[in-house]
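J.: File follows, data_25.cif with mmCIF, N, CA and C atoms:
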data_target
#
loop_
_atom_site.label_atom_id
_atom_site.label_comp_id
_atom_site.auth_asym_id
_atom_site.auth_seq_id
_atom_site.Cartn_x
_atom_site.Cartn_y
_atom_site.Cartn_z
N MET A 1 -7.05 -18.78 3.21
CA MET A 1 -5.95 -18.15 2.53
C MET A 1 -4.68 -18.89 2.90
N GLY A 2 -3.88 -19.26 1.92
CA GLY A 2 -2.65 -20.01 2.15
C GLY A 2 -1.57 -19.14 2.76
N SER A 3 -0.60 -19.79 3.37
CA SER A 3 0.49 -19.04 3.95
C SER A 3 1.42 -18.56 2.85
N SER A 4 1.96 -17.37 3.05
CA SER A 4 2.89 -16.83 2.06
C SER A 4 4.30 -17.27 2.43
N SER A 5 5.09 -17.51 1.42
CA SER A 5 6.44 -17.98 1.68
C SER A 5 7.35 -16.80 1.96
N VAL A 6 8.32 -17.03 2.79
CA VAL A 6 9.32 -16.02 3.10
C VAL A 6 10.69 -16.59 2.77
N THR A 7 11.60 -15.71 2.42
CA THR A 7 12.96 -16.12 2.09
C THR A 7 13.79 -16.15 3.36
N PRO A 8 14.46 -17.26 3.65
CA PRO A 8 15.33 -17.30 4.83
C PRO A 8 16.36 -16.18 4.79
N VAL A 9 16.68 -15.64 5.96
CA VAL A 9 17.59 -14.51 6.07
C VAL A 9 18.92 -14.79 5.37
N GLU A 10 19.45 -15.99 5.55
CA GLU A 10 20.77 -16.30 4.98
C GLU A 10 20.75 -16.36 3.45
N LEU A 11 19.58 -16.48 2.84
CA LEU A 11 19.49 -16.55 1.38
C LEU A 11 19.10 -15.21 0.74
N ARG A 12 18.84 -14.20 1.54
CA ARG A 12 18.46 -12.90 1.01
C ARG A 12 19.67 -12.19 0.41
N PRO A 13 19.47 -11.43 -0.66
CA PRO A 13 20.57 -10.63 -1.20
C PRO A 13 21.07 -9.63 -0.14
N THR A 14 22.36 -9.38 -0.13
CA THR A 14 22.97 -8.53 0.88
C THR A 14 22.37 -7.13 0.91
N TRP A 15 22.08 -6.56 -0.25
CA TRP A 15 21.59 -5.18 -0.32
C TRP A 15 20.09 -5.05 -0.13
N ARG A 16 19.39 -6.14 0.02
CA ARG A 16 17.93 -6.07 0.15
C ARG A 16 17.56 -5.22 1.36
N GLY A 17 16.77 -4.23 1.13
CA GLY A 17 16.30 -3.37 2.21
C GLY A 17 17.12 -2.12 2.44
N TRP A 18 18.39 -2.13 2.05
CA TRP A 18 19.23 -0.95 2.31
C TRP A 18 18.77 0.26 1.51
N PHE A 19 18.24 0.04 0.31
CA PHE A 19 17.74 1.17 -0.47
C PHE A 19 16.51 1.79 0.20
N HIS A 20 15.71 0.98 0.85
CA HIS A 20 14.55 1.52 1.55
C HIS A 20 14.95 2.21 2.84
N VAL A 21 16.02 1.77 3.47
CA VAL A 21 16.57 2.49 4.62
C VAL A 21 17.02 3.88 4.16
N ALA A 22 17.76 3.93 3.05
CA ALA A 22 18.22 5.22 2.52
C ALA A 22 17.05 6.10 2.12
N ALA A 23 16.05 5.53 1.46
CA ALA A 23 14.87 6.30 1.04
C ALA A 23 14.13 6.85 2.26
N PHE A 24 14.03 6.05 3.31
CA PHE A 24 13.38 6.52 4.54
C PHE A 24 14.13 7.72 5.11
N LEU A 25 15.45 7.62 5.16
CA LEU A 25 16.26 8.71 5.72
C LEU A 25 16.18 9.97 4.86
N VAL A 26 16.15 9.82 3.56
CA VAL A 26 16.04 10.97 2.65
C VAL A 26 14.63 11.58 2.74
N ALA A 27 13.62 10.74 2.96
CA ALA A 27 12.24 11.22 3.01
C ALA A 27 11.96 12.09 4.23
N ILE A 28 12.75 11.96 5.27
CA ILE A 28 12.52 12.78 6.47
C ILE A 28 12.73 14.26 6.16
N PRO A 29 13.94 14.68 5.74
CA PRO A 29 14.09 16.11 5.43
C PRO A 29 13.27 16.51 4.20
N GLY A 30 13.13 15.60 3.23
CA GLY A 30 12.32 15.91 2.06
C GLY A 30 10.87 16.19 2.43
N GLY A 31 10.33 15.39 3.32
CA GLY A 31 8.96 15.60 3.77
C GLY A 31 8.80 16.88 4.57
N VAL A 32 9.79 17.18 5.41
CA VAL A 32 9.74 18.43 6.18
C VAL A 32 9.74 19.62 5.23
N LEU A 33 10.61 19.59 4.23
CA LEU A 33 10.65 20.69 3.25
C LEU A 33 9.34 20.78 2.47
N LEU A 34 8.76 19.66 2.13
CA LEU A 34 7.49 19.64 1.42
C LEU A 34 6.39 20.27 2.27
N ILE A 35 6.34 19.93 3.53
CA ILE A 35 5.32 20.47 4.43
C ILE A 35 5.54 21.97 4.64
N ILE A 36 6.79 22.37 4.87
CA ILE A 36 7.09 23.79 5.06
C ILE A 36 6.74 24.60 3.82
N GLY A 37 6.99 24.03 2.65
CA GLY A 37 6.73 24.74 1.39
C GLY A 37 5.28 24.71 0.94
N ALA A 38 4.43 23.98 1.65
CA ALA A 38 3.02 23.89 1.25
C ALA A 38 2.35 25.24 1.41
N ASN A 39 1.47 25.56 0.47
CA ASN A 39 0.80 26.85 0.46
C ASN A 39 -0.67 26.67 0.84
N GLY A 40 -1.01 26.94 2.08
CA GLY A 40 -2.39 26.83 2.54
C GLY A 40 -2.62 25.59 3.38
N ALA A 41 -3.77 25.60 4.05
CA ALA A 41 -4.09 24.51 4.97
C ALA A 41 -4.27 23.18 4.25
N ALA A 42 -4.99 23.18 3.14
CA ALA A 42 -5.23 21.92 2.41
C ALA A 42 -3.92 21.33 1.91
N ALA A 43 -3.04 22.18 1.39
CA ALA A 43 -1.75 21.71 0.88
C ALA A 43 -0.88 21.18 2.03
N THR A 44 -0.94 21.83 3.17
CA THR A 44 -0.16 21.38 4.33
C THR A 44 -0.66 20.03 4.82
N VAL A 45 -1.97 19.87 4.89
CA VAL A 45 -2.54 18.57 5.30
C VAL A 45 -2.17 17.50 4.28
N GLY A 46 -2.31 17.81 3.00
CA GLY A 46 -1.96 16.85 1.95
C GLY A 46 -0.50 16.46 1.99
N ALA A 47 0.38 17.45 2.16
CA ALA A 47 1.82 17.17 2.23
C ALA A 47 2.16 16.35 3.48
N SER A 48 1.48 16.63 4.57
CA SER A 48 1.73 15.88 5.81
C SER A 48 1.30 14.42 5.67
N ILE A 49 0.14 14.20 5.07
CA ILE A 49 -0.34 12.83 4.88
C ILE A 49 0.56 12.09 3.90
N TYR A 50 0.98 12.77 2.83
CA TYR A 50 1.88 12.15 1.86
C TYR A 50 3.20 11.77 2.54
N THR A 51 3.76 12.68 3.31
CA THR A 51 5.02 12.41 4.00
C THR A 51 4.88 11.25 4.98
N ALA A 52 3.79 11.23 5.73
CA ALA A 52 3.56 10.13 6.66
C ALA A 52 3.45 8.80 5.92
N GLY A 53 2.76 8.79 4.79
CA GLY A 53 2.62 7.56 4.01
C GLY A 53 3.95 7.06 3.47
N ILE A 54 4.76 7.98 2.97
CA ILE A 54 6.08 7.61 2.44
C ILE A 54 6.96 7.05 3.57
N LEU A 55 6.95 7.72 4.72
CA LEU A 55 7.76 7.25 5.84
C LEU A 55 7.28 5.89 6.35
N LEU A 56 5.97 5.71 6.42
CA LEU A 56 5.44 4.40 6.84
C LEU A 56 5.80 3.31 5.83
N GLY A 57 5.68 3.62 4.55
CA GLY A 57 5.99 2.63 3.52
C GLY A 57 7.44 2.21 3.51
N PHE A 58 8.33 3.20 3.43
CA PHE A 58 9.76 2.88 3.39
C PHE A 58 10.25 2.34 4.73
N GLY A 59 9.73 2.88 5.83
CA GLY A 59 10.15 2.40 7.15
C GLY A 59 9.75 0.96 7.40
N THR A 60 8.53 0.62 7.03
CA THR A 60 8.06 -0.76 7.19
C THR A 60 8.85 -1.71 6.31
N SER A 61 9.09 -1.30 5.06
CA SER A 61 9.84 -2.16 4.15
C SER A 61 11.28 -2.35 4.64
N ALA A 62 11.90 -1.27 5.09
CA ALA A 62 13.26 -1.37 5.61
C ALA A 62 13.32 -2.30 6.82
N ALA A 63 12.36 -2.15 7.72
CA ALA A 63 12.33 -3.02 8.91
C ALA A 63 12.11 -4.47 8.52
N TYR A 64 11.21 -4.70 7.57
CA TYR A 64 10.95 -6.07 7.13
C TYR A 64 12.20 -6.70 6.53
N HIS A 65 12.85 -5.99 5.64
CA HIS A 65 13.99 -6.58 4.93
C HIS A 65 15.27 -6.61 5.76
N ARG A 66 15.42 -5.69 6.70
CA ARG A 66 16.67 -5.63 7.45
C ARG A 66 16.58 -6.24 8.85
N LEU A 67 15.41 -6.25 9.46
CA LEU A 67 15.33 -6.63 10.87
C LEU A 67 14.61 -7.95 11.14
N ALA A 68 13.69 -8.34 10.28
CA ALA A 68 12.91 -9.56 10.53
C ALA A 68 13.81 -10.78 10.40
N ARG A 69 13.95 -11.53 11.48
CA ARG A 69 14.85 -12.69 11.49
C ARG A 69 14.10 -14.02 11.54
N SER A 70 13.20 -14.16 12.48
CA SER A 70 12.49 -15.44 12.60
C SER A 70 11.41 -15.54 11.52
N GLU A 71 11.02 -16.75 11.21
CA GLU A 71 10.00 -16.95 10.17
C GLU A 71 8.67 -16.33 10.58
N GLN A 72 8.32 -16.43 11.85
CA GLN A 72 7.06 -15.85 12.32
C GLN A 72 7.07 -14.33 12.18
N VAL A 73 8.16 -13.70 12.57
CA VAL A 73 8.27 -12.24 12.44
C VAL A 73 8.30 -11.85 10.96
N GLN A 74 8.97 -12.63 10.14
CA GLN A 74 9.01 -12.35 8.70
C GLN A 74 7.62 -12.38 8.10
N GLN A 75 6.81 -13.35 8.48
CA GLN A 75 5.45 -13.45 7.94
C GLN A 75 4.61 -12.25 8.33
N ILE A 76 4.72 -11.83 9.57
CA ILE A 76 3.98 -10.65 10.03
C ILE A 76 4.46 -9.40 9.31
N MET A 77 5.78 -9.22 9.26
CA MET A 77 6.35 -8.04 8.62
C MET A 77 6.07 -8.02 7.12
N GLN A 78 6.04 -9.19 6.49
CA GLN A 78 5.74 -9.25 5.06
C GLN A 78 4.32 -8.77 4.79
N ARG A 79 3.38 -9.16 5.63
CA ARG A 79 2.00 -8.68 5.47
C ARG A 79 1.92 -7.18 5.68
N MET A 80 2.64 -6.69 6.68
CA MET A 80 2.66 -5.24 6.92
C MET A 80 3.28 -4.51 5.74
N ASP A 81 4.39 -5.05 5.23
CA ASP A 81 5.08 -4.44 4.10
C ASP A 81 4.16 -4.38 2.88
N HIS A 82 3.50 -5.48 2.59
CA HIS A 82 2.61 -5.52 1.43
C HIS A 82 1.39 -4.62 1.62
N SER A 83 0.90 -4.50 2.84
CA SER A 83 -0.27 -3.64 3.09
C SER A 83 0.08 -2.16 2.96
N MET A 84 1.35 -1.83 3.11
CA MET A 84 1.76 -0.43 2.98
C MET A 84 1.56 0.10 1.56
N ILE A 85 1.43 -0.78 0.59
CA ILE A 85 1.15 -0.34 -0.78
C ILE A 85 -0.17 0.43 -0.80
N PHE A 86 -1.16 -0.06 -0.07
CA PHE A 86 -2.45 0.63 -0.02
C PHE A 86 -2.33 1.97 0.70
N VAL A 87 -1.53 2.01 1.75
CA VAL A 87 -1.29 3.27 2.45
C VAL A 87 -0.61 4.27 1.52
N LEU A 88 0.38 3.80 0.76
CA LEU A 88 1.08 4.69 -0.18
C LEU A 88 0.14 5.22 -1.26
N ILE A 89 -0.75 4.37 -1.75
CA ILE A 89 -1.71 4.82 -2.76
C ILE A 89 -2.62 5.90 -2.17
N ALA A 90 -3.15 5.66 -0.98
CA ALA A 90 -4.02 6.64 -0.34
C ALA A 90 -3.27 7.93 -0.03
N ALA A 91 -2.03 7.80 0.44
CA ALA A 91 -1.24 8.99 0.77
C ALA A 91 -0.87 9.79 -0.47
N THR A 92 -0.75 9.13 -1.60
CA THR A 92 -0.44 9.83 -2.85
C THR A 92 -1.67 10.53 -3.41
N TYR A 93 -2.81 9.90 -3.30
CA TYR A 93 -4.04 10.50 -3.84
C TYR A 93 -4.58 11.63 -2.96
N THR A 94 -4.28 11.64 -1.68
CA THR A 94 -4.82 12.66 -0.78
C THR A 94 -4.45 14.07 -1.20
N PRO A 95 -3.17 14.40 -1.43
CA PRO A 95 -2.89 15.78 -1.86
C PRO A 95 -3.49 16.12 -3.22
N ILE A 96 -3.58 15.13 -4.10
CA ILE A 96 -4.20 15.38 -5.41
C ILE A 96 -5.66 15.76 -5.21
N CYS A 97 -6.35 15.04 -4.35
CA CYS A 97 -7.76 15.33 -4.09
C CYS A 97 -7.96 16.65 -3.35
N LEU A 98 -7.06 16.96 -2.42
CA LEU A 98 -7.21 18.18 -1.63
C LEU A 98 -6.80 19.44 -2.38
N VAL A 99 -5.79 19.33 -3.24
CA VAL A 99 -5.23 20.53 -3.87
C VAL A 99 -5.46 20.55 -5.38
N GLY A 100 -5.32 19.42 -6.02
CA GLY A 100 -5.34 19.38 -7.48
C GLY A 100 -6.71 19.32 -8.11
N LEU A 101 -7.73 18.96 -7.34
CA LEU A 101 -9.08 18.85 -7.88
C LEU A 101 -9.99 19.88 -7.21
N PRO A 102 -11.04 20.30 -7.91
CA PRO A 102 -12.01 21.18 -7.25
C PRO A 102 -12.64 20.44 -6.07
N PRO A 103 -12.97 21.16 -4.99
CA PRO A 103 -13.54 20.50 -3.81
C PRO A 103 -14.77 19.64 -4.12
N ALA A 104 -15.57 20.03 -5.11
CA ALA A 104 -16.76 19.25 -5.45
C ALA A 104 -16.39 17.86 -5.96
N TRP A 105 -15.19 17.71 -6.49
CA TRP A 105 -14.71 16.40 -6.96
C TRP A 105 -13.75 15.77 -5.95
N GLY A 106 -12.82 16.56 -5.45
CA GLY A 106 -11.75 16.03 -4.61
C GLY A 106 -12.22 15.41 -3.31
N ILE A 107 -13.12 16.08 -2.61
CA ILE A 107 -13.58 15.59 -1.31
C ILE A 107 -14.36 14.27 -1.46
N PRO A 108 -15.33 14.18 -2.38
CA PRO A 108 -16.01 12.88 -2.54
C PRO A 108 -15.07 11.75 -2.95
N ILE A 109 -14.12 12.04 -3.83
CA ILE A 109 -13.17 10.99 -4.24
C ILE A 109 -12.33 10.57 -3.04
N LEU A 110 -11.91 11.54 -2.25
CA LEU A 110 -11.10 11.25 -1.07
C LEU A 110 -11.87 10.40 -0.06
N CYS A 111 -13.17 10.61 0.02
CA CYS A 111 -13.99 9.89 0.99
C CYS A 111 -14.36 8.47 0.55
N THR A 112 -14.06 8.12 -0.69
CA THR A 112 -14.43 6.78 -1.15
C THR A 112 -13.30 5.80 -1.00
#
Would you write the structure of this file as structure tokens?
T.:
Amino acid sequence: MGSSSVTPVELRPTWRGWFHVAAFLVAIPGGVLLIIGANGAAATVGASIYTAGILLGFGTSAAYHRLARSEQVQQIMQRMDHSMIFVLIAATYTPICLVGLPPAWGIPILCT
């Protein structure tokens, strides 16, 4: 697998990453409210996993775009940032499988 290119810090747009910092900060109280408002154990678990996924996704992206300075750190953080897409997909589907689908469908889908 070839190496992925990274943009030097001095050439990055000034606002890159700041929106993900803001989204991370907004997701904290939003996630808490979502978890508190969940009705039942399955909904609470689903909301917790969704909140964790959102925080991991936005937090990793914010750290990658705002904090990664050296090329080596940028390459590592870029892989982490891109891998968070899969975490976000799983975190989004979890509450749907736990709450929105009948258990006969939701649990097997969640396990695959």
J.: Name all residues at most 8 Å from range 48-63 of chain A (count all atoms listed in the file; drop same-chain ones fewer than 2 positions away) and give them as a ChimeraX atom specification.
T.: /A:16-25,27-28,30-32,34-36,42-46,65-69,77-78,80-85,87-95
J.: Determine, counting only C-alpha atoms, which protein, DNA and RNA residues have an atom within 8 Å of an atom of Gly106 in chain A; residues of the same chain fewer than 6 positions away are not included. Present the result as a PDB file with N, CA and C atoms, in the coordinates of the input.
T.:
ATOM      1  N   ILE A  96      -3.580  15.130  -4.100  1.00  0.00           N
ATOM      2  CA  ILE A  96      -4.200  15.380  -5.410  1.00  0.00           C
ATOM      3  C   ILE A  96      -5.660  15.760  -5.210  1.00  0.00           C
ATOM      4  N   CYS A  97      -6.350  15.040  -4.350  1.00  0.00           N
ATOM      5  CA  CYS A  97      -7.760  15.330  -4.090  1.00  0.00           C
ATOM      6  C   CYS A  97      -7.960  16.650  -3.350  1.00  0.00           C
ATOM      7  N   LEU A  98      -7.060  16.960  -2.420  1.00  0.00           N
ATOM      8  CA  LEU A  98      -7.210  18.180  -1.630  1.00  0.00           C
ATOM      9  C   LEU A  98      -6.800  19.440  -2.380  1.00  0.00           C
ATOM     10  N   VAL A  99      -5.790  19.330  -3.240  1.00  0.00           N
ATOM     11  CA  VAL A  99      -5.230  20.530  -3.870  1.00  0.00           C
ATOM     12  C   VAL A  99      -5.460  20.550  -5.380  1.00  0.00           C
ATOM     13  N   GLY A 100      -5.320  19.420  -6.020  1.00  0.00           N
ATOM     14  CA  GLY A 100      -5.340  19.380  -7.480  1.00  0.00           C
ATOM     15  C   GLY A 100      -6.710  19.320  -8.110  1.00  0.00           C
TER      16      GLY A 100
END
J.: Go ahead and compute the interatomic distance for CA of Asn39 in chain A and atom N of Leu101 in chain A, in Å to one decimal.
T.: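 Going from CA of Asn39 in chain A over to atom N of Leu101 in chain A covers 14.0 Å.
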J.: Between CA of Val26 in chain A and CA of Leu110 in chain A, what is the spacing in Å?
T.: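 Atom-to-atom, CA of Leu110 in chain A and CA of Val26 in chain A are spaced 27.4 Å apart.
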J.: Rounded to one decimal, what separation in Å do you get between atom N of Ala104 in chain A and CA of Ala38 in chain A?
T.: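 Value for the atom N of Ala104 in chain A-CA of Ala38 in chain A distance: 20.0 Å.
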J.: May I have all residues of chain A that DSSP, computed from the backbone, assigns to helix (DSSP H, G or I), given as a PyMOL selection string?
T.: chain A and resi 9-11+18-37+41-67+71-100+103-111
J.: Please define a box with edges along x, y and z of the file around all atoms of range 78-96 of chain A given in the file, extend it by 5 Å on each side, and return its centre and edge lengths in Å to one decimal, as AutoDock Vina command-line options.
T.:
--center_x 0.2 --center_y 3.4 --center_z 0.8 --size_x 21.7 --size_y 35.4 --size_z 22.3
